[in-house]
Amino acid sequence: DSLFADLKYGDFGPTIAKLKRALVRLGWTEAGRLTDFYDGRLSTVVMNFKLANLCANYWERMWEKYYYQGKTVDSKMRDIINNLLKLRK
């Protein structure tokens, strides 16, 4: 269930399904609440994950919360998700 591709708002398909399964395994969302489409609900979950795990200072948090709003999953976030999934095994 490791993530290997960058994702963005509007994407759909099996990579979004993998992201959804990873977030469910990590306890960030419920299985039945999100579709396999990167929509507003998924971007909210991604934003909350980033705010809790990635944003180290005030300005990073403000940029994420008010500008990016969870609309991208980049290599930094994928690394954290993949490492947390390894710890869950």
# chains A, B, ... in the order shown; residues from 1 in each chain; ligands from 1
>>> select_by_dssp(residues="chain A", states="strand (DSSP E or B)", output="compact mmCIF listing (two decimals) with C-alpha atoms, in the first residue's frame")
# COMPACT_ATOMS: atom_id res chain seq x y z
CA LEU A 7 -1.21 13.43 -6.47
CA LYS A 8 -3.30 16.55 -6.91
CA PHE A 12 -8.93 9.77 -9.73
CA PHE A 37 -11.72 10.80 -6.59
CA THR A 72 -1.45 18.18 -3.34
CA VAL A 73 0.34 15.10 -2.07
>>> atom_distance(atom1="CA of Met47 (chain A)", atom2="CA of Trp63 (chain A)")
10.7 Å
>>> residues_around(residues="Ala17 (chain A)", least_positions_apart="6", cutoff="12 Å", atoms="only C-alpha atoms", output="CSV table (one decimal) with N, CA, C and O atoms, in the first residue's frame")
chain,number,residue,atom,x,y,z
A,1,ASP,N,0.8,-1.2,0.0
A,1,ASP,CA,0.0,0.0,0.0
A,1,ASP,C,0.8,1.3,0.0
A,1,ASP,O,0.3,2.3,0.3
A,2,SER,N,2.1,1.2,-0.3
A,2,SER,CA,3.0,2.4,-0.4
A,2,SER,C,2.6,3.3,-1.5
A,2,SER,O,2.1,2.8,-2.6
A,3,LEU,N,2.8,4.6,-1.3
A,3,LEU,CA,2.5,5.6,-2.3
A,3,LEU,C,3.7,5.9,-3.1
A,3,LEU,O,4.8,6.2,-2.4
A,7,LEU,N,0.2,13.3,-6.2
A,7,LEU,CA,-1.2,13.4,-6.5
A,7,LEU,C,-1.7,14.9,-6.3
A,7,LEU,O,-1.1,15.6,-5.6
A,11,ASP,N,-7.5,14.4,-9.4
A,11,ASP,CA,-7.1,13.1,-9.8
A,11,ASP,C,-8.1,12.0,-9.4
A,11,ASP,O,-8.9,12.2,-8.5
A,23,LEU,N,-4.8,6.4,4.5
A,23,LEU,CA,-5.3,7.3,5.5
A,23,LEU,C,-6.3,6.6,6.4
A,23,LEU,O,-6.4,6.9,7.6
A,24,VAL,N,-7.0,5.6,5.9
A,24,VAL,CA,-7.9,4.8,6.7
A,24,VAL,C,-7.1,4.0,7.7
A,24,VAL,O,-7.4,4.0,8.9
A,31,ALA,N,-13.6,4.4,6.2
A,31,ALA,CA,-13.5,3.8,4.9
A,31,ALA,C,-14.6,4.2,3.9
A,31,ALA,O,-14.4,4.4,2.8
A,32,GLY,N,-15.8,4.3,4.4
A,32,GLY,CA,-16.9,4.5,3.6
A,32,GLY,C,-17.2,6.0,3.2
A,32,GLY,O,-18.1,6.3,2.4
A,34,LEU,N,-15.1,8.4,1.8
A,34,LEU,CA,-14.4,9.1,0.7
A,34,LEU,C,-14.5,8.2,-0.6
A,34,LEU,O,-14.5,7.0,-0.5
A,35,THR,N,-14.6,8.9,-1.7
A,35,THR,CA,-14.6,8.2,-3.0
A,35,THR,C,-13.2,8.0,-3.5
A,35,THR,O,-12.2,8.5,-2.9
A,36,ASP,N,-13.0,7.4,-4.7
A,36,ASP,CA,-11.7,7.2,-5.3
A,36,ASP,C,-11.4,8.4,-6.2
A,36,ASP,O,-10.7,8.3,-7.1
A,37,PHE,N,-11.9,9.6,-5.9
A,37,PHE,CA,-11.7,10.8,-6.6
A,37,PHE,C,-11.2,11.8,-5.6
A,37,PHE,O,-11.6,11.9,-4.5
A,38,TYR,N,-10.1,12.5,-6.0
A,38,TYR,CA,-9.5,13.5,-5.1
A,38,TYR,C,-10.4,14.8,-5.1
A,38,TYR,O,-10.2,15.7,-5.9
A,42,LEU,N,-11.6,14.7,0.5
A,42,LEU,CA,-10.2,14.1,0.6
A,42,LEU,C,-9.2,15.2,0.8
A,42,LEU,O,-8.3,15.0,1.6
>>> residues_around(residues="Lys89 (chain A)", least_positions_apart="2", cutoff="12 Å", atoms="only C-alpha atoms", output="MDAnalysis selection string")
chainID A and resid 1 25:26 82:87
>>> write_last_selection(atoms="N, CA, C and O atoms", output="JSON list (two decimals), in the first residue's frame")
[["chain", "number", "residue", "atom", "x", "y", "z"],
["A", 1, "ASP", "N", 0.80, -1.20, 0.00],
["A", 1, "ASP", "CA", 0.00, 0.00, 0.00],
["A", 1, "ASP", "C", 0.85, 1.27, 0.00],
["A", 1, "ASP", "O", 0.33, 2.33, 0.32],
["A", 25, "ARG", "N", -6.01, 3.35, 7.23],
["A", 25, "ARG", "CA", -5.15, 2.54, 8.10],
["A", 25, "ARG", "C", -4.50, 3.37, 9.19],
["A", 25, "ARG", "O", -4.26, 2.89, 10.30],
["A", 26, "LEU", "N", -4.20, 4.63, 8.87],
["A", 26, "LEU", "CA", -3.56, 5.51, 9.85],
["A", 26, "LEU", "C", -4.56, 6.20, 10.77],
["A", 26, "LEU", "O", -4.18, 6.94, 11.66],
["A", 82, "ASN", "N", 4.33, 6.60, 4.01],
["A", 82, "ASN", "CA", 4.94, 5.28, 3.83],
["A", 82, "ASN", "C", 5.67, 4.83, 5.09],
["A", 82, "ASN", "O", 5.60, 3.66, 5.47],
["A", 83, "ASN", "N", 6.37, 5.75, 5.76],
["A", 83, "ASN", "CA", 7.06, 5.39, 7.01],
["A", 83, "ASN", "C", 6.07, 5.03, 8.12],
["A", 83, "ASN", "O", 6.30, 4.09, 8.88],
["A", 84, "LEU", "N", 5.00, 5.78, 8.22],
["A", 84, "LEU", "CA", 3.99, 5.46, 9.24],
["A", 84, "LEU", "C", 3.33, 4.12, 8.96],
["A", 84, "LEU", "O", 3.02, 3.37, 9.89],
["A", 85, "LEU", "N", 3.11, 3.80, 7.69],
["A", 85, "LEU", "CA", 2.52, 2.50, 7.34],
["A", 85, "LEU", "C", 3.46, 1.35, 7.70],
["A", 85, "LEU", "O", 3.02, 0.30, 8.14],
["A", 86, "LYS", "N", 4.78, 1.57, 7.52],
["A", 86, "LYS", "CA", 5.75, 0.55, 7.90],
["A", 86, "LYS", "C", 5.71, 0.28, 9.40],
["A", 86, "LYS", "O", 5.84, -0.86, 9.86],
["A", 87, "LEU", "N", 5.54, 1.34, 10.18],
["A", 87, "LEU", "CA", 5.47, 1.20, 11.63],
["A", 87, "LEU", "C", 4.20, 0.48, 12.08],
["A", 87, "LEU", "O", 4.18, -0.14, 13.13]]
>>> closest_residue(among="A:Lys20, A:Gln69, A:Asp79, A:Asp39", to="Leu51 (chain A)", atoms="only C-alpha atoms")
A:Gln69
>>> closest_residue(among="A:Arg61, A:Arg78, A:Arg21, A:Lys71", to="Gly40 (chain A)", atoms="only C-alpha atoms")
A:Lys71
>>> atom_distance(atom1="CA of Tyr9 (chain A)", atom2="CA of Asn57 (chain A)")
24.3 Å
>>> atom_distance(atom1="CA of Lys65 (chain A)", atom2="CA of Thr44 (chain A)")
9.4 Å
>>> closest_residue(among="A:Thr15, A:Met77, A:Ala56, A:Phe49", to="Gly27 (chain A)", atoms="only C-alpha atoms")
A:Phe49
>>> select_by_dssp(residues="chain A", states="alpha helix (DSSP H)", output="number ranges by chain")
A: 14-25, 40-53, 58-63, 75-88
>>> closest_residue(among="A:Glu60, A:Ile81, A:Gly10, A:Leu54", to="Arg41 (chain A)", atoms="only C-alpha atoms")
A:Gly10
